[in-house]
Amino acid sequence: MQLFVMRHGQTNNNIKRLMTGRYDEDINETGIEQAKAAIDEIKTIDYDVILSSPLLRAKHTAQIINIKKLPIIYDDRLMERDMGHLANTSTHLDIDRYDFWNIAPKQDYIDVEPLRDMYNRAAEFFCDIKERYAGRLVLAVTHDGLVRVLHSYLYGIPENGALLEGNIRNCEIRQMLY
């Protein structure tokens, strides 16, 4: 199994640098254009399966780039981190990013999905698709946070515990080696 991941197109919250989490926002006009522009790269990826987060911004991006018109399989495990009360109200400047994205944070982020839970969700997703889609090429449309956690699952958690590596730009496509 080969896995390619793609982050959804730009949203208005991305412009405002708001933590969106599971707030269900669609991509904006720039996001639509980014997705259309990504089609040239998608043409070079002979994907057999297309998976997507069920959040609107990922779904819309997946629909635009699905040049093979395969059925899109929506998987809740591809959703962004549940930001709780921080969603749609806070920016990354309002928090300590190293602690917030740390596998063992010092602070308790009440009503925010624990990063360890997100990590376990990403691990379960990867193990499942590795078995389910053995010998196939999978394209998954998802979110920055989930790609960051998948990156740490596949390549290791940094010594400081902060899962800040693996950031991905809107409509960037990345092969996750395994």
# chains A, B, ... in the order shown; residues from 1 in each chain; ligands from 1
>>> residues_around(residues="region 16-26 of chain A", least_positions_apart="2", cutoff="8 Å", atoms="only C-alpha atoms", output="ChimeraX atom specification")
/A:11-14,28,55-57,60,79-84,86-92
>>> write_last_selection(atoms="C-alpha atoms", output="PDB file, in the first residue's frame")
ATOM      1  CA  THR A  11     -10.701  28.442   3.905  1.00  0.00           C
ATOM      2  CA  ASN A  12     -11.530  31.860   5.285  1.00  0.00           C
ATOM      3  CA  ASN A  13     -10.390  30.679   8.717  1.00  0.00           C
ATOM      4  CA  ASN A  14      -7.005  29.773   7.212  1.00  0.00           C
ATOM      5  CA  ASN A  28     -13.185  29.627  -0.422  1.00  0.00           C
ATOM      6  CA  LEU A  55     -15.598  17.784   6.985  1.00  0.00           C
ATOM      7  CA  LEU A  56     -16.887  20.028   4.203  1.00  0.00           C
ATOM      8  CA  ARG A  57     -13.541  21.629   3.325  1.00  0.00           C
ATOM      9  CA  HIS A  60     -15.231  19.649  -1.453  1.00  0.00           C
ATOM     10  CA  MET A  79     -10.969  14.570  10.667  1.00  0.00           C
ATOM     11  CA  GLU A  80      -9.027  17.428  12.155  1.00  0.00           C
ATOM     12  CA  ARG A  81      -8.382  17.581  15.882  1.00  0.00           C
ATOM     13  CA  ASP A  82     -11.439  18.559  17.884  1.00  0.00           C
ATOM     14  CA  MET A  83     -10.423  22.020  19.123  1.00  0.00           C
ATOM     15  CA  GLY A  84     -13.368  22.345  21.511  1.00  0.00           C
ATOM     16  CA  LEU A  86     -10.805  27.088  20.735  1.00  0.00           C
ATOM     17  CA  ALA A  87     -12.411  26.300  17.363  1.00  0.00           C
ATOM     18  CA  ASN A  88     -13.252  29.323  15.300  1.00  0.00           C
ATOM     19  CA  THR A  89     -12.270  31.695  18.148  1.00  0.00           C
ATOM     20  CA  SER A  90      -8.516  31.346  18.759  1.00  0.00           C
ATOM     21  CA  THR A  91      -5.380  31.574  16.648  1.00  0.00           C
ATOM     22  CA  HIS A  92      -2.164  29.645  17.080  1.00  0.00           C
TER      23      HIS A  92
END
>>> residues_around(residues="Tyr153 (chain A)", least_positions_apart="4", cutoff="10 Å", atoms="only C-alpha atoms", output="number ranges by chain")
A: 119-120, 122-123, 126, 147-149, 157, 163
>>> atom_distance(atom1="CA of Asn102 (chain A)", atom2="CA of Asn160 (chain A)")
7.9 Å
>>> residues_around(residues="Thr142 (chain A)", least_positions_apart="6", cutoff="6 Å", atoms="only C-alpha atoms", output="VMD selection string")
chain A and resid 7 53 58 78
>>> write_last_selection(atoms="N, CA, C and O atoms", output="PDB file, in the first residue's frame")
ATOM      1  N   ARG A   7      -3.801  18.039   1.842  1.00  0.00           N
ATOM      2  CA  ARG A   7      -4.563  18.933   2.711  1.00  0.00           C
ATOM      3  C   ARG A   7      -5.619  19.627   1.860  1.00  0.00           C
ATOM      4  O   ARG A   7      -5.410  19.925   0.686  1.00  0.00           O
ATOM      5  N   SER A  53     -11.689  13.094   4.758  1.00  0.00           N
ATOM      6  CA  SER A  53     -12.344  13.529   5.992  1.00  0.00           C
ATOM      7  C   SER A  53     -13.771  13.910   5.611  1.00  0.00           C
ATOM      8  O   SER A  53     -14.017  14.418   4.515  1.00  0.00           O
ATOM      9  N   ALA A  58     -12.656  19.357   3.309  1.00  0.00           N
ATOM     10  CA  ALA A  58     -11.953  18.213   2.716  1.00  0.00           C
ATOM     11  C   ALA A  58     -12.822  17.544   1.654  1.00  0.00           C
ATOM     12  O   ALA A  58     -12.330  17.176   0.579  1.00  0.00           O
ATOM     13  N   LEU A  78     -10.018  10.655   9.620  1.00  0.00           N
ATOM     14  CA  LEU A  78      -9.256  11.667   8.891  1.00  0.00           C
ATOM     15  C   LEU A  78      -9.630  13.100   9.300  1.00  0.00           C
ATOM     16  O   LEU A  78      -9.078  14.061   8.775  1.00  0.00           O
TER      17      LEU A  78
END
>>> closest_atom_pairs(of="region 125-170 of chain A", to="region 30-47 of chain A", cutoff="9 Å", atoms="only C-alpha atoms", output="tab-separated table")
residue	atom	partner	partner_atom	distance
A:Arg136	CA	A:Tyr47	CA	7.5
A:Leu137	CA	A:Tyr47	CA	4.8
A:Val138	CA	A:Tyr47	CA	5.7
A:Leu139	CA	A:Tyr47	CA	6.1
A:Asn170	CA	A:Gln34	CA	7.5
>>> select_by_dssp(residues="region 32-162 of chain A", states="strand (DSSP E)", output="list of chain:residue names")
A:Val49, A:Ile50, A:Leu51, A:Ser52, A:Ile72, A:Ile73, A:Tyr74, A:Leu137, A:Val138, A:Leu139, A:Ala140, A:Val141, A:Thr142
>>> select_by_dssp(residues="region 39-157 of chain A", states="alpha helix (DSSP H)", output="short mmCIF file (atom, residue, chain, number, x, y, z; two decimals) with all heavy atoms, in the first residue's frame")
data_model
loop_
_atom_site.label_atom_id
_atom_site.label_comp_id
_atom_site.auth_asym_id
_atom_site.auth_seq_id
_atom_site.Cartn_x
_atom_site.Cartn_y
_atom_site.Cartn_z
N ILE A 39 -4.80 19.36 -9.71
CA ILE A 39 -5.18 18.27 -10.62
C ILE A 39 -4.01 17.84 -11.49
O ILE A 39 -3.86 16.65 -11.78
CB ILE A 39 -6.42 18.66 -11.45
CG1 ILE A 39 -7.65 18.69 -10.53
CG2 ILE A 39 -6.63 17.70 -12.62
CD1 ILE A 39 -8.92 19.21 -11.18
N ASP A 40 -3.15 18.78 -11.90
CA ASP A 40 -1.99 18.39 -12.70
C ASP A 40 -1.11 17.38 -11.96
O ASP A 40 -0.63 16.42 -12.55
CB ASP A 40 -1.15 19.63 -13.08
CG ASP A 40 -1.81 20.46 -14.17
OD1 ASP A 40 -2.67 19.91 -14.90
OD2 ASP A 40 -1.48 21.65 -14.29
N GLU A 41 -0.91 17.59 -10.67
CA GLU A 41 -0.12 16.64 -9.88
C GLU A 41 -0.90 15.35 -9.65
O GLU A 41 -0.33 14.26 -9.68
CB GLU A 41 0.29 17.26 -8.54
CG GLU A 41 1.26 16.40 -7.78
CD GLU A 41 1.82 17.07 -6.54
OE1 GLU A 41 1.58 18.26 -6.32
OE2 GLU A 41 2.49 16.35 -5.77
N ILE A 42 -2.21 15.47 -9.44
CA ILE A 42 -3.06 14.29 -9.22
C ILE A 42 -2.97 13.36 -10.44
O ILE A 42 -2.97 12.14 -10.30
CB ILE A 42 -4.53 14.69 -8.95
CG1 ILE A 42 -4.65 15.46 -7.65
CG2 ILE A 42 -5.46 13.50 -8.98
CD1 ILE A 42 -4.35 14.67 -6.40
N LEU A 56 -16.55 19.42 5.49
CA LEU A 56 -16.89 20.03 4.20
C LEU A 56 -15.67 20.49 3.41
O LEU A 56 -15.60 20.28 2.20
CB LEU A 56 -17.86 21.19 4.44
CG LEU A 56 -18.48 21.85 3.23
CD1 LEU A 56 -19.19 20.83 2.35
CD2 LEU A 56 -19.46 22.93 3.67
N ARG A 57 -14.70 21.11 4.06
CA ARG A 57 -13.54 21.63 3.33
C ARG A 57 -12.74 20.51 2.66
O ARG A 57 -12.23 20.68 1.56
CB ARG A 57 -12.67 22.50 4.23
CG ARG A 57 -12.16 21.84 5.49
CD ARG A 57 -11.63 22.90 6.46
NE ARG A 57 -11.06 22.37 7.67
CZ ARG A 57 -11.74 22.13 8.78
NH1 ARG A 57 -13.04 22.35 8.84
NH2 ARG A 57 -11.12 21.69 9.86
N ALA A 58 -12.66 19.36 3.31
CA ALA A 58 -11.95 18.21 2.72
C ALA A 58 -12.82 17.54 1.65
O ALA A 58 -12.33 17.18 0.58
CB ALA A 58 -11.55 17.22 3.79
N LYS A 59 -14.11 17.37 1.96
CA LYS A 59 -15.02 16.74 1.00
C LYS A 59 -15.04 17.50 -0.32
O LYS A 59 -14.95 16.90 -1.40
CB LYS A 59 -16.45 16.71 1.57
CG LYS A 59 -16.68 15.67 2.62
CD LYS A 59 -18.01 15.83 3.31
CE LYS A 59 -19.18 15.51 2.44
NZ LYS A 59 -20.46 15.46 3.20
N HIS A 60 -15.16 18.83 -0.24
CA HIS A 60 -15.23 19.65 -1.45
C HIS A 60 -13.93 19.53 -2.25
O HIS A 60 -13.94 19.38 -3.47
CB HIS A 60 -15.53 21.09 -1.07
CG HIS A 60 -15.93 21.95 -2.21
ND1 HIS A 60 -16.36 23.23 -2.06
CD2 HIS A 60 -15.99 21.73 -3.55
CE1 HIS A 60 -16.64 23.76 -3.23
NE2 HIS A 60 -16.42 22.87 -4.16
N THR A 61 -12.81 19.57 -1.55
CA THR A 61 -11.51 19.42 -2.21
C THR A 61 -11.42 18.05 -2.89
O THR A 61 -11.01 17.95 -4.05
CB THR A 61 -10.36 19.59 -1.19
OG1 THR A 61 -10.47 20.89 -0.58
CG2 THR A 61 -9.01 19.44 -1.86
N ALA A 62 -11.82 16.99 -2.19
CA ALA A 62 -11.77 15.64 -2.76
C ALA A 62 -12.63 15.53 -4.01
O ALA A 62 -12.25 14.89 -4.99
CB ALA A 62 -12.20 14.61 -1.71
N GLN A 63 -13.81 16.15 -3.98
CA GLN A 63 -14.69 16.10 -5.15
C GLN A 63 -14.05 16.78 -6.35
O GLN A 63 -14.15 16.28 -7.47
CB GLN A 63 -16.03 16.76 -4.81
CG GLN A 63 -16.85 15.96 -3.82
CD GLN A 63 -17.97 16.76 -3.18
OE1 GLN A 63 -18.11 17.96 -3.39
NE2 GLN A 63 -18.78 16.09 -2.37
N ILE A 64 -13.37 17.90 -6.12
CA ILE A 64 -12.73 18.63 -7.23
C ILE A 64 -11.58 17.83 -7.82
O ILE A 64 -11.44 17.75 -9.04
CB ILE A 64 -12.24 20.01 -6.76
CG1 ILE A 64 -13.44 20.91 -6.42
CG2 ILE A 64 -11.36 20.67 -7.83
CD1 ILE A 64 -13.06 22.21 -5.71
N ILE A 65 -10.75 17.21 -6.99
CA ILE A 65 -9.53 16.55 -7.49
C ILE A 65 -9.74 15.10 -7.91
O ILE A 65 -8.84 14.48 -8.45
CB ILE A 65 -8.38 16.65 -6.46
CG1 ILE A 65 -8.74 15.99 -5.11
CG2 ILE A 65 -7.99 18.09 -6.22
CD1 ILE A 65 -8.09 14.70 -4.89
N ARG A 97 2.06 26.76 21.18
CA ARG A 97 1.99 25.70 20.16
C ARG A 97 2.79 24.46 20.55
O ARG A 97 2.39 23.34 20.26
CB ARG A 97 2.49 26.21 18.81
CG ARG A 97 1.54 27.20 18.18
CD ARG A 97 1.99 27.67 16.80
NE ARG A 97 1.93 26.57 15.86
CZ ARG A 97 2.94 26.22 15.05
NH1 ARG A 97 4.06 26.87 15.07
NH2 ARG A 97 2.80 25.21 14.22
N TYR A 98 3.95 24.65 21.19
CA TYR A 98 4.78 23.51 21.57
C TYR A 98 4.09 22.65 22.61
O TYR A 98 4.24 21.44 22.62
CB TYR A 98 6.15 23.97 22.06
CG TYR A 98 6.98 24.52 20.92
CD1 TYR A 98 7.00 25.88 20.65
CD2 TYR A 98 7.70 23.67 20.10
CE1 TYR A 98 7.73 26.38 19.58
CE2 TYR A 98 8.44 24.17 19.03
CZ TYR A 98 8.44 25.53 18.78
OH TYR A 98 9.15 26.01 17.72
N ASP A 99 3.32 23.28 23.49
CA ASP A 99 2.58 22.51 24.49
C ASP A 99 1.30 21.94 23.90
O ASP A 99 0.98 20.77 24.11
CB ASP A 99 2.26 23.39 25.71
CG ASP A 99 1.73 22.57 26.86
OD1 ASP A 99 2.41 21.63 27.30
OD2 ASP A 99 0.61 22.87 27.32
N PHE A 100 0.59 22.76 23.13
CA PHE A 100 -0.69 22.33 22.55
C PHE A 100 -0.52 21.12 21.64
O PHE A 100 -1.36 20.23 21.61
CB PHE A 100 -1.33 23.49 21.78
CG PHE A 100 -2.70 23.21 21.26
CD1 PHE A 100 -3.80 23.28 22.11
CD2 PHE A 100 -2.92 22.86 19.94
CE1 PHE A 100 -5.08 23.01 21.64
CE2 PHE A 100 -4.19 22.59 19.46
CZ PHE A 100 -5.27 22.67 20.32
N LEU A 115 -4.11 15.07 22.26
CA LEU A 115 -3.27 14.72 21.12
C LEU A 115 -2.96 13.22 21.09
O LEU A 115 -2.87 12.62 20.03
CB LEU A 115 -1.97 15.54 21.14
CG LEU A 115 -1.15 15.51 19.87
CD1 LEU A 115 -1.98 15.96 18.66
CD2 LEU A 115 0.07 16.39 20.02
N ARG A 116 -2.85 12.62 22.25
CA ARG A 116 -2.61 11.17 22.32
C ARG A 116 -3.78 10.43 21.66
O ARG A 116 -3.57 9.44 20.94
CB ARG A 116 -2.45 10.74 23.78
CG ARG A 116 -2.28 9.27 24.01
CD ARG A 116 -0.99 8.68 23.56
NE ARG A 116 0.15 9.21 24.27
CZ ARG A 116 1.40 8.97 23.93
NH1 ARG A 116 1.67 8.18 22.91
NH2 ARG A 116 2.40 9.49 24.59
N ASP A 117 -5.02 10.89 21.87
CA ASP A 117 -6.19 10.26 21.24
C ASP A 117 -6.13 10.42 19.72
O ASP A 117 -6.44 9.49 18.97
CB ASP A 117 -7.49 10.84 21.78
CG ASP A 117 -7.76 10.47 23.23
OD1 ASP A 117 -6.98 9.68 23.82
OD2 ASP A 117 -8.76 10.98 23.77
N MET A 118 -5.74 11.61 19.29
CA MET A 118 -5.63 11.86 17.85
C MET A 118 -4.54 10.97 17.24
O MET A 118 -4.70 10.41 16.15
CB MET A 118 -5.33 13.33 17.58
CG MET A 118 -5.37 13.71 16.13
SD MET A 118 -5.04 15.47 15.95
CE MET A 118 -5.30 15.66 14.21
N TYR A 119 -3.43 10.83 17.96
CA TYR A 119 -2.33 9.98 17.52
C TYR A 119 -2.81 8.53 17.38
O TYR A 119 -2.54 7.87 16.37
CB TYR A 119 -1.18 10.07 18.53
CG TYR A 119 0.04 9.28 18.16
CD1 TYR A 119 1.06 9.87 17.40
CD2 TYR A 119 0.20 7.97 18.58
CE1 TYR A 119 2.19 9.15 17.07
CE2 TYR A 119 1.34 7.24 18.25
CZ TYR A 119 2.32 7.83 17.49
OH TYR A 119 3.45 7.12 17.16
N ASN A 120 -3.55 8.05 18.37
CA ASN A 120 -4.09 6.68 18.31
C ASN A 120 -5.07 6.52 17.16
O ASN A 120 -5.09 5.48 16.50
CB ASN A 120 -4.74 6.31 19.64
CG ASN A 120 -3.72 6.16 20.75
OD1 ASN A 120 -2.54 5.93 20.51
ND2 ASN A 120 -4.17 6.30 21.99
N ARG A 121 -5.87 7.54 16.91
CA ARG A 121 -6.82 7.52 15.78
C ARG A 121 -6.06 7.43 14.46
O ARG A 121 -6.42 6.66 13.57
CB ARG A 121 -7.68 8.78 15.86
CG ARG A 121 -8.60 9.01 14.72
CD ARG A 121 -9.67 10.06 15.01
NE ARG A 121 -9.25 11.33 15.50
CZ ARG A 121 -9.02 12.42 14.74
NH1 ARG A 121 -9.16 12.33 13.43
NH2 ARG A 121 -8.68 13.56 15.28
N ALA A 122 -5.00 8.22 14.32
CA ALA A 122 -4.20 8.19 13.09
C ALA A 122 -3.51 6.84 12.92
O ALA A 122 -3.45 6.30 11.81
CB ALA A 122 -3.17 9.32 13.12
N ALA A 123 -3.01 6.28 14.02
CA ALA A 123 -2.35 4.97 13.96
C ALA A 123 -3.35 3.89 13.54
O ALA A 123 -3.04 3.03 12.69
CB ALA A 123 -1.73 4.63 15.32
N GLU A 124 -4.54 3.93 14.11
CA GLU A 124 -5.58 2.96 13.76
C GLU A 124 -5.95 3.09 12.28
O GLU A 124 -6.08 2.09 11.57
CB GLU A 124 -6.82 3.19 14.62
CG GLU A 124 -7.98 2.27 14.27
CD GLU A 124 -9.25 2.66 15.01
OE1 GLU A 124 -9.22 2.72 16.25
OE2 GLU A 124 -10.27 2.89 14.33
N PHE A 125 -6.09 4.33 11.81
CA PHE A 125 -6.39 4.57 10.40
C PHE A 125 -5.31 3.96 9.51
O PHE A 125 -5.61 3.21 8.58
CB PHE A 125 -6.50 6.08 10.13
CG PHE A 125 -6.48 6.43 8.67
CD1 PHE A 125 -7.61 6.26 7.89
CD2 PHE A 125 -5.32 6.92 8.07
CE1 PHE A 125 -7.59 6.57 6.53
CE2 PHE A 125 -5.30 7.22 6.72
CZ PHE A 125 -6.43 7.04 5.95
N PHE A 126 -4.05 4.24 9.82
CA PHE A 126 -2.96 3.75 8.98
C PHE A 126 -2.90 2.23 8.96
O PHE A 126 -2.77 1.62 7.90
CB PHE A 126 -1.62 4.35 9.40
CG PHE A 126 -0.53 3.98 8.46
CD1 PHE A 126 -0.41 4.63 7.24
CD2 PHE A 126 0.34 2.95 8.75
CE1 PHE A 126 0.57 4.27 6.33
CE2 PHE A 126 1.33 2.57 7.85
CZ PHE A 126 1.44 3.24 6.64
N CYS A 127 -2.99 1.63 10.13
CA CYS A 127 -2.94 0.16 10.20
C CYS A 127 -4.09 -0.48 9.44
O CYS A 127 -3.92 -1.49 8.74
CB CYS A 127 -2.93 -0.30 11.66
SG CYS A 127 -1.40 0.09 12.52
N ASP A 128 -5.26 0.13 9.54
CA ASP A 128 -6.45 -0.38 8.85
C ASP A 128 -6.29 -0.29 7.34
O ASP A 128 -6.51 -1.27 6.63
CB ASP A 128 -7.69 0.38 9.31
CG ASP A 128 -8.95 -0.09 8.62
OD1 ASP A 128 -9.15 -1.32 8.49
OD2 ASP A 128 -9.76 0.77 8.21
N ILE A 129 -5.88 0.86 6.83
CA ILE A 129 -5.79 0.99 5.37
C ILE A 129 -4.63 0.19 4.81
O ILE A 129 -4.68 -0.29 3.69
CB ILE A 129 -5.72 2.46 4.90
CG1 ILE A 129 -4.44 3.15 5.35
CG2 ILE A 129 -6.98 3.23 5.32
CD1 ILE A 129 -4.16 4.44 4.63
N LYS A 130 -3.57 0.01 5.61
CA LYS A 130 -2.44 -0.80 5.16
C LYS A 130 -2.90 -2.23 4.88
O LYS A 130 -2.49 -2.85 3.90
CB LYS A 130 -1.33 -0.78 6.22
CG LYS A 130 -0.06 -1.45 5.78
CD LYS A 130 1.05 -1.24 6.78
CE LYS A 130 0.88 -2.19 7.93
NZ LYS A 130 2.03 -2.25 8.83
N GLU A 131 -3.77 -2.73 5.73
CA GLU A 131 -4.30 -4.09 5.56
C GLU A 131 -5.39 -4.11 4.49
O GLU A 131 -5.39 -4.95 3.59
CB GLU A 131 -4.86 -4.60 6.88
CG GLU A 131 -5.40 -6.00 6.81
CD GLU A 131 -5.92 -6.48 8.15
OE1 GLU A 131 -5.24 -6.26 9.17
OE2 GLU A 131 -7.03 -7.06 8.17
N ARG A 132 -6.32 -3.19 4.58
CA ARG A 132 -7.48 -3.17 3.69
C ARG A 132 -7.11 -2.90 2.23
O ARG A 132 -7.72 -3.44 1.31
CB ARG A 132 -8.47 -2.11 4.17
CG ARG A 132 -9.77 -2.09 3.39
CD ARG A 132 -10.71 -1.07 3.95
NE ARG A 132 -10.96 -1.39 5.35
CZ ARG A 132 -12.02 -1.03 6.03
NH1 ARG A 132 -12.93 -0.30 5.45
NH2 ARG A 132 -12.16 -1.36 7.28
N ASP A 144 -4.22 19.60 8.14
CA ASP A 144 -2.84 19.81 8.58
C ASP A 144 -2.52 19.03 9.86
O ASP A 144 -1.51 18.35 9.95
CB ASP A 144 -2.59 21.31 8.79
CG ASP A 144 -1.18 21.60 9.24
OD1 ASP A 144 -0.23 21.08 8.63
OD2 ASP A 144 -1.02 22.36 10.21
N GLY A 145 -3.39 19.13 10.86
CA GLY A 145 -3.12 18.47 12.13
C GLY A 145 -3.02 16.96 11.98
O GLY A 145 -2.14 16.33 12.58
N LEU A 146 -3.90 16.38 11.19
CA LEU A 146 -3.87 14.92 11.01
C LEU A 146 -2.62 14.50 10.25
O LEU A 146 -1.99 13.49 10.60
CB LEU A 146 -5.14 14.46 10.28
CG LEU A 146 -5.48 12.97 10.36
CD1 LEU A 146 -4.78 12.07 9.45
CD2 LEU A 146 -5.64 12.50 11.75
N VAL A 147 -2.19 15.28 9.26
CA VAL A 147 -0.96 14.95 8.54
C VAL A 147 0.24 15.03 9.49
O VAL A 147 1.12 14.17 9.48
CB VAL A 147 -0.76 15.88 7.33
CG1 VAL A 147 0.62 15.69 6.70
CG2 VAL A 147 -1.84 15.64 6.29
N ARG A 148 0.25 16.04 10.35
CA ARG A 148 1.32 16.20 11.34
C ARG A 148 1.40 14.97 12.25
O ARG A 148 2.48 14.46 12.53
CB ARG A 148 0.99 17.45 12.16
CG ARG A 148 2.04 17.91 13.06
CD ARG A 148 1.57 19.14 13.79
NE ARG A 148 1.10 20.15 12.86
CZ ARG A 148 0.64 21.32 13.23
NH1 ARG A 148 0.56 21.62 14.50
NH2 ARG A 148 0.24 22.19 12.34
N VAL A 149 0.26 14.48 12.69
CA VAL A 149 0.21 13.32 13.59
C VAL A 149 0.60 12.05 12.83
O VAL A 149 1.36 11.22 13.34
CB VAL A 149 -1.17 13.21 14.25
CG1 VAL A 149 -1.30 11.92 15.03
CG2 VAL A 149 -1.40 14.40 15.17
N LEU A 150 0.11 11.88 11.60
CA LEU A 150 0.51 10.72 10.78
C LEU A 150 2.02 10.72 10.56
O LEU A 150 2.67 9.67 10.63
CB LEU A 150 -0.19 10.76 9.43
CG LEU A 150 -1.46 9.95 9.26
CD1 LEU A 150 -2.06 10.20 7.89
CD2 LEU A 150 -1.27 8.48 9.50
N HIS A 151 2.57 11.90 10.29
CA HIS A 151 4.00 12.04 10.09
C HIS A 151 4.75 11.53 11.32
O HIS A 151 5.72 10.76 11.21
CB HIS A 151 4.35 13.51 9.80
CG HIS A 151 5.79 13.75 9.57
ND1 HIS A 151 6.68 13.99 10.60
CD2 HIS A 151 6.52 13.80 8.44
CE1 HIS A 151 7.89 14.17 10.11
NE2 HIS A 151 7.82 14.05 8.80
N SER A 152 4.30 11.92 12.50
CA SER A 152 4.95 11.49 13.74
C SER A 152 4.77 9.99 13.97
O SER A 152 5.67 9.33 14.47
CB SER A 152 4.39 12.27 14.93
OG SER A 152 4.73 13.62 14.80
N TYR A 153 3.62 9.45 13.58
CA TYR A 153 3.39 8.02 13.73
C TYR A 153 4.36 7.23 12.83
O TYR A 153 4.97 6.26 13.26
CB TYR A 153 1.95 7.66 13.39
CG TYR A 153 1.71 6.16 13.37
CD1 TYR A 153 1.69 5.43 14.55
CD2 TYR A 153 1.55 5.48 12.16
CE1 TYR A 153 1.52 4.04 14.53
CE2 TYR A 153 1.38 4.11 12.14
CZ TYR A 153 1.37 3.40 13.33
OH TYR A 153 1.20 2.04 13.30
N LEU A 154 4.52 7.69 11.60
CA LEU A 154 5.34 6.96 10.64
C LEU A 154 6.84 7.18 10.83
O LEU A 154 7.64 6.28 10.59
CB LEU A 154 4.95 7.33 9.21
CG LEU A 154 3.56 6.89 8.78
CD1 LEU A 154 3.19 7.47 7.42
CD2 LEU A 154 3.46 5.38 8.75
N TYR A 155 7.23 8.38 11.25
CA TYR A 155 8.65 8.72 11.30
C TYR A 155 9.18 8.92 12.73
O TYR A 155 10.35 9.19 12.91
CB TYR A 155 8.92 9.96 10.46
CG TYR A 155 8.46 9.78 9.03
CD1 TYR A 155 7.35 10.46 8.54
CD2 TYR A 155 9.13 8.90 8.17
CE1 TYR A 155 6.93 10.28 7.24
CE2 TYR A 155 8.69 8.72 6.86
CZ TYR A 155 7.60 9.41 6.40
OH TYR A 155 7.17 9.24 5.11
#
>>> closest_residue(among="A:Lys106, A:Ile50, A:Pro114, A:Met6", to="Gly166 (chain A)", atoms="only C-alpha atoms")
A:Met6
>>> closest_residue(among="A:Asp111, A:Asp76, A:Asp96, A:Glu172", to="Leu51 (chain A)", atoms="only C-alpha atoms")
A:Asp76
>>> closest_residue(among="A:Ala140, A:Leu70, A:Leu93, A:Ile103", to="Met176 (chain A)", atoms="only C-alpha atoms")
A:Ala140
>>> atom_distance(atom1="CA of Gly135 (chain A)", atom2="CA of Ile73 (chain A)")
17.8 Å
>>> closest_residue(among="A:Ile95, A:Tyr74, A:Tyr109, A:Trp101", to="Asn167 (chain A)", atoms="only C-alpha atoms")
A:Trp101
